[in-house]
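Please read the structure below before turning to the comments.
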Amino acid sequence: MALHSMRKARECWNFIRALHQGPDAAPVPQKDAVKRIFSGIQPTGIPHLGNYLGAIESWVRLQDEHDSVLYSIVDLHSITVPQDPTILRQSILDMTAALLACGINPEKSILFQQSQAKTAKEKHNGTVGLLTYPVLQAADILLYKSTHVPVGEDQVQHMELVQDLAQSFNKKYGEFFPVPKSILTSMKKVKSLRDPSAKMSKSDPDKLATVRITDSPEEIVQKFRKAMTDFTSEVTYEPASRGGVSNLVAIHAAVAGLPVEEVVRRSAGMDTARYKLVVADAVIEKFAPIKSEIEKLKMNKDHLEKVLQVGSARAKELAYPVCQEVKKLVGFL
Ligand SMILES: Nc1ncnc2c1ncn2[C@@H]1O[C@H](COP(=O)(O)OC(=O)[C@@H](N)Cc2c[nH]c3ccccc23)[C@@H](O)[C@H]1O
């Protein structure tokens with residue numbers, strides 16, 4: 001692939017360098033064997049069912065299973081399209097509240113804001129304008145020597161670039177970066193409710209296509225009621241030929257914590273019109289406690305800011321020795 005080249009790798013390292021031109025640090029021993037989980041989410045917009053089932057839910061599980069886990073609110077990524085600064089600031093706190101409400105626990109994982117996890121001596125402005133989005137994503141991941149990255153299917157291509165960059169670096173400077181692997185869930189691509197050939201997305205202009213965590217029960221019912229299915233009234237799971245109803249079954253199974261076969265078995269004799277309301281109810285039930293927790297957390301702005309401050313300081317600590325090692329390997333130190 002064209003993005004394979006060392007030129008891209010160089011851009012990546014220039015970026016890492018720019019972010020981390022800090023004071024000298026004592027070399028820290030490398031722990032390559034340590035499994036490190038890393039992932040990120042853009043702060044723009046409220047998380048939707050796709051973000052939740054494709055990523056956030058597995059993030060919550062992974063923080064219980066592994067010792068070194070980082071989740072980044074990737075504000076630098078979000079300014080690749082214009083953002084109003086006041087709204088962006090608020091969105092970062094809202095995303096923090098949403099992630100905490102979903103179960104991200106800052107005592108088990110490092111939750112941080114991407115733009116804050118850099119050294120105070122950073123002098124480089126407008127870095128994002130100089131870099132392509134996937135290269136920035138590679139820098140995010142490699143900066144912490146991450147080994148595993150839980151993401152949805154839409155990120156797999158970006159992950160291939162990250163793997164290429166890690167391998168290129170290792171080939172040139174010796175084995176240094178683990179080649180990070182994607183972790184995909186069975187809900188790696190939650191489909192749009194209005195077009196089952198497309199993924200559910202925050203930016204879908206059709207408001208009925210995307211179910212957000214904070215939607216009211218009425219909105220959720222309306223969106224599922226209008227979900228695109230086909231002319232067969234039976235509920236079956238046949239993703240290749242019946243994308244619409246299969247998406248509903250997959251969502252239902254995921255939010256109810258049941259196997260797909262069980263969900264299909266329980267809906268025997270039900271037509272799709274009635275089934276849509278069953279799925280809507282299951283989603284409402286799943287999101288109700290999260291929604292009320294978000295409301296509570298949003299009232300405590302100081303707490304949200306503190307979580308991010310602590311997380312950013314911890315992330316910085318992990319990144320710094322990696323940067324120093326990279327500089328040494330490249331010949332800068
Ligand atoms: N319909 C869907 N079905 C299943 N999963 C989905 C769906 N929509 C979104 N996702 C997943 O949600 C996570 C956050 O999405 P973002 O678009 O903010 O995600 C993005 O825009 C990233 N580029 C953010 C990022 C920046 N640096 C990183 C480093 C590692 C991992 C991720 C990042 C993602 O895992 C995404 O795959």
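Going through the structure tokens in order, the chains are called A, B, and so on, while each chain numbers its residues from 1 and the ligands are numbered from 1 in the order shown.
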
Nearby polymer residues, ligand 1, at most 7 Å, only C-alpha atoms and all ligand atoms, as a ChimeraX atom specification | /A:38-43,50-55,74,77,136-138,140-141,149-155,187-191,199-201

DSSP helix (DSSP H, G or I) residues within range 230-293 of chain A, as JSON, numbers by chain | {"A": [243, 244, 245, 246, 247, 248, 249, 250, 251, 252, 253, 254, 255, 256, 260, 261, 262, 263, 264, 265, 266, 272, 273, 274, 275, 276, 277, 278, 279, 280, 281, 282, 283, 284, 285, 286, 287, 288, 289, 290, 291, 292, 293]}

Which neighbours of Thr44 in chain A fall inside 9 Å, counting only C-alpha atoms, when residues of the same chain fewer than 2 positions from it are skipped, and could you give them as a list in words?
->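 That gives Ile41, Gln42, Ile46, Pro47, Asp75, Ser78, Gln83, Ile87, Leu88, Ser91, Ile92, Met95 and Lys202 of chain A.
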
For each of A:Ser146, A:Ser192, A:Ser58, A:Ser186, take the minimum atom-to-atom distance to Lys35 in chain A, counting only C-alpha atoms, then give the residue where this is smallest.
-> A:Ser146

Got a sec to tell me which of range 74-122 of chain A DSSP assigns to strand (DSSP E), as number ranges by chain?
-> A: 110-113

Env of Ile294 in chain A: 8 Å cut, atoms = only C-alpha atoms, seq-sep filter 2 positions within chain, self excluded. Answer as a PDB file with N, CA and C atoms, in the first residue's frame.
```
ATOM      1  N   ALA A  97     -17.872  12.064  30.989  1.00  0.00           N
ATOM      2  CA  ALA A  97     -19.023  11.620  31.784  1.00  0.00           C
ATOM      3  C   ALA A  97     -19.624  10.350  31.172  1.00  0.00           C
ATOM      4  N   ALA A  98     -19.740  10.329  29.848  1.00  0.00           N
ATOM      5  CA  ALA A  98     -20.352   9.169  29.184  1.00  0.00           C
ATOM      6  C   ALA A  98     -19.508   7.909  29.398  1.00  0.00           C
ATOM      7  N   LEU A 100     -17.333   7.276  31.823  1.00  0.00           N
ATOM      8  CA  LEU A 100     -17.397   6.860  33.232  1.00  0.00           C
ATOM      9  C   LEU A 100     -18.740   6.180  33.499  1.00  0.00           C
ATOM     10  N   ALA A 101     -19.804   6.767  32.957  1.00  0.00           N
ATOM     11  CA  ALA A 101     -21.141   6.194  33.186  1.00  0.00           C
ATOM     12  C   ALA A 101     -21.267   4.802  32.564  1.00  0.00           C
ATOM     13  N   ILE A 290     -27.210   4.090  32.522  1.00  0.00           N
ATOM     14  CA  ILE A 290     -26.066   4.861  31.994  1.00  0.00           C
ATOM     15  C   ILE A 290     -26.473   6.325  31.825  1.00  0.00           C
ATOM     16  N   LYS A 291     -27.678   6.494  31.274  1.00  0.00           N
ATOM     17  CA  LYS A 291     -28.189   7.848  31.031  1.00  0.00           C
ATOM     18  C   LYS A 291     -28.325   8.627  32.346  1.00  0.00           C
ATOM     19  N   SER A 292     -28.844   7.998  33.389  1.00  0.00           N
ATOM     20  CA  SER A 292     -29.010   8.755  34.632  1.00  0.00           C
ATOM     21  C   SER A 292     -27.655   9.012  35.298  1.00  0.00           C
ATOM     22  N   LYS A 296     -25.893  12.696  36.362  1.00  0.00           N
ATOM     23  CA  LYS A 296     -25.284  12.965  37.682  1.00  0.00           C
ATOM     24  C   LYS A 296     -23.854  13.478  37.504  1.00  0.00           C
ATOM     25  N   LEU A 297     -23.075  12.745  36.688  1.00  0.00           N
ATOM     26  CA  LEU A 297     -21.656  13.085  36.524  1.00  0.00           C
ATOM     27  C   LEU A 297     -21.468  14.465  35.897  1.00  0.00           C
ATOM     28  N   LYS A 298     -22.375  14.827  34.992  1.00  0.00           N
ATOM     29  CA  LYS A 298     -22.233  16.122  34.307  1.00  0.00           C
ATOM     30  C   LYS A 298     -22.396  17.304  35.259  1.00  0.00           C
TER      31      LYS A 298
END
```

Of the candidates A:Leu49, A:Leu258, A:Val179, A:Val326, which shows the shortest atom-to-atom distance to Val211 in chain A, using only C-alpha atoms?
-> A:Leu49

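Between CA of Gly103 in chain A and CA of Val60 in chain A lies a distance of 5.8 Å.
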
Any idea what's packed within 9 Å of range 259-265 of chain A, counting only C-alpha atoms, ignoring anything in its chain fewer than 4 positions away? Could you give it as a list in words?
->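 Answer for this query is Val235, Thr236, Tyr237, Val249, Ala250, His252, Ala253 and Ala254 of chain A.
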
Expected file: the selected residues, N, CA, C and O atoms, as a short mmCIF file (atom, residue, chain, number, x, y, z; two decimals), in the first residue's frame:
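Contents of result13.cif, freshly written:
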```
data_model
loop_
_atom_site.label_atom_id
_atom_site.label_comp_id
_atom_site.auth_asym_id
_atom_site.auth_seq_id
_atom_site.Cartn_x
_atom_site.Cartn_y
_atom_site.Cartn_z
N VAL A 235 -38.99 -13.08 12.16
CA VAL A 235 -37.70 -12.62 12.69
C VAL A 235 -36.66 -13.73 12.51
O VAL A 235 -36.80 -14.81 13.09
N THR A 236 -35.65 -13.45 11.70
CA THR A 236 -34.58 -14.45 11.49
C THR A 236 -33.23 -13.72 11.50
O THR A 236 -33.19 -12.49 11.38
N TYR A 237 -32.15 -14.49 11.64
CA TYR A 237 -30.82 -13.91 11.59
C TYR A 237 -30.11 -14.41 10.35
O TYR A 237 -29.60 -15.53 10.31
N VAL A 249 -31.61 -8.07 15.41
CA VAL A 249 -31.38 -9.27 16.22
C VAL A 249 -30.00 -9.16 16.92
O VAL A 249 -29.87 -9.44 18.12
N ALA A 250 -29.00 -8.73 16.16
CA ALA A 250 -27.65 -8.62 16.72
C ALA A 250 -27.63 -7.59 17.86
O ALA A 250 -27.03 -7.83 18.93
N HIS A 252 -30.19 -6.66 19.68
CA HIS A 252 -30.98 -7.21 20.78
C HIS A 252 -30.15 -8.21 21.59
O HIS A 252 -30.10 -8.13 22.83
N ALA A 253 -29.48 -9.12 20.88
CA ALA A 253 -28.68 -10.14 21.56
C ALA A 253 -27.58 -9.47 22.40
O ALA A 253 -27.35 -9.84 23.55
N ALA A 254 -26.94 -8.46 21.81
CA ALA A 254 -25.82 -7.80 22.52
C ALA A 254 -26.31 -7.06 23.77
O ALA A 254 -25.70 -7.19 24.83
#
```

Each range 63-173 of chain A residue no farther than 7 Å from range 306-310 of chain A, nearest pair in Å, only C-alpha atoms, as JSON lines:
```
{"residue": "A:Leu111", "atom": "CA", "partner": "A:Leu308", "partner_atom": "CA", "distance": 6.4}
{"residue": "A:Phe112", "atom": "CA", "partner": "A:Leu308", "partner_atom": "CA", "distance": 4.9}
{"residue": "A:Gln113", "atom": "CA", "partner": "A:Leu308", "partner_atom": "CA", "distance": 6.1}
```
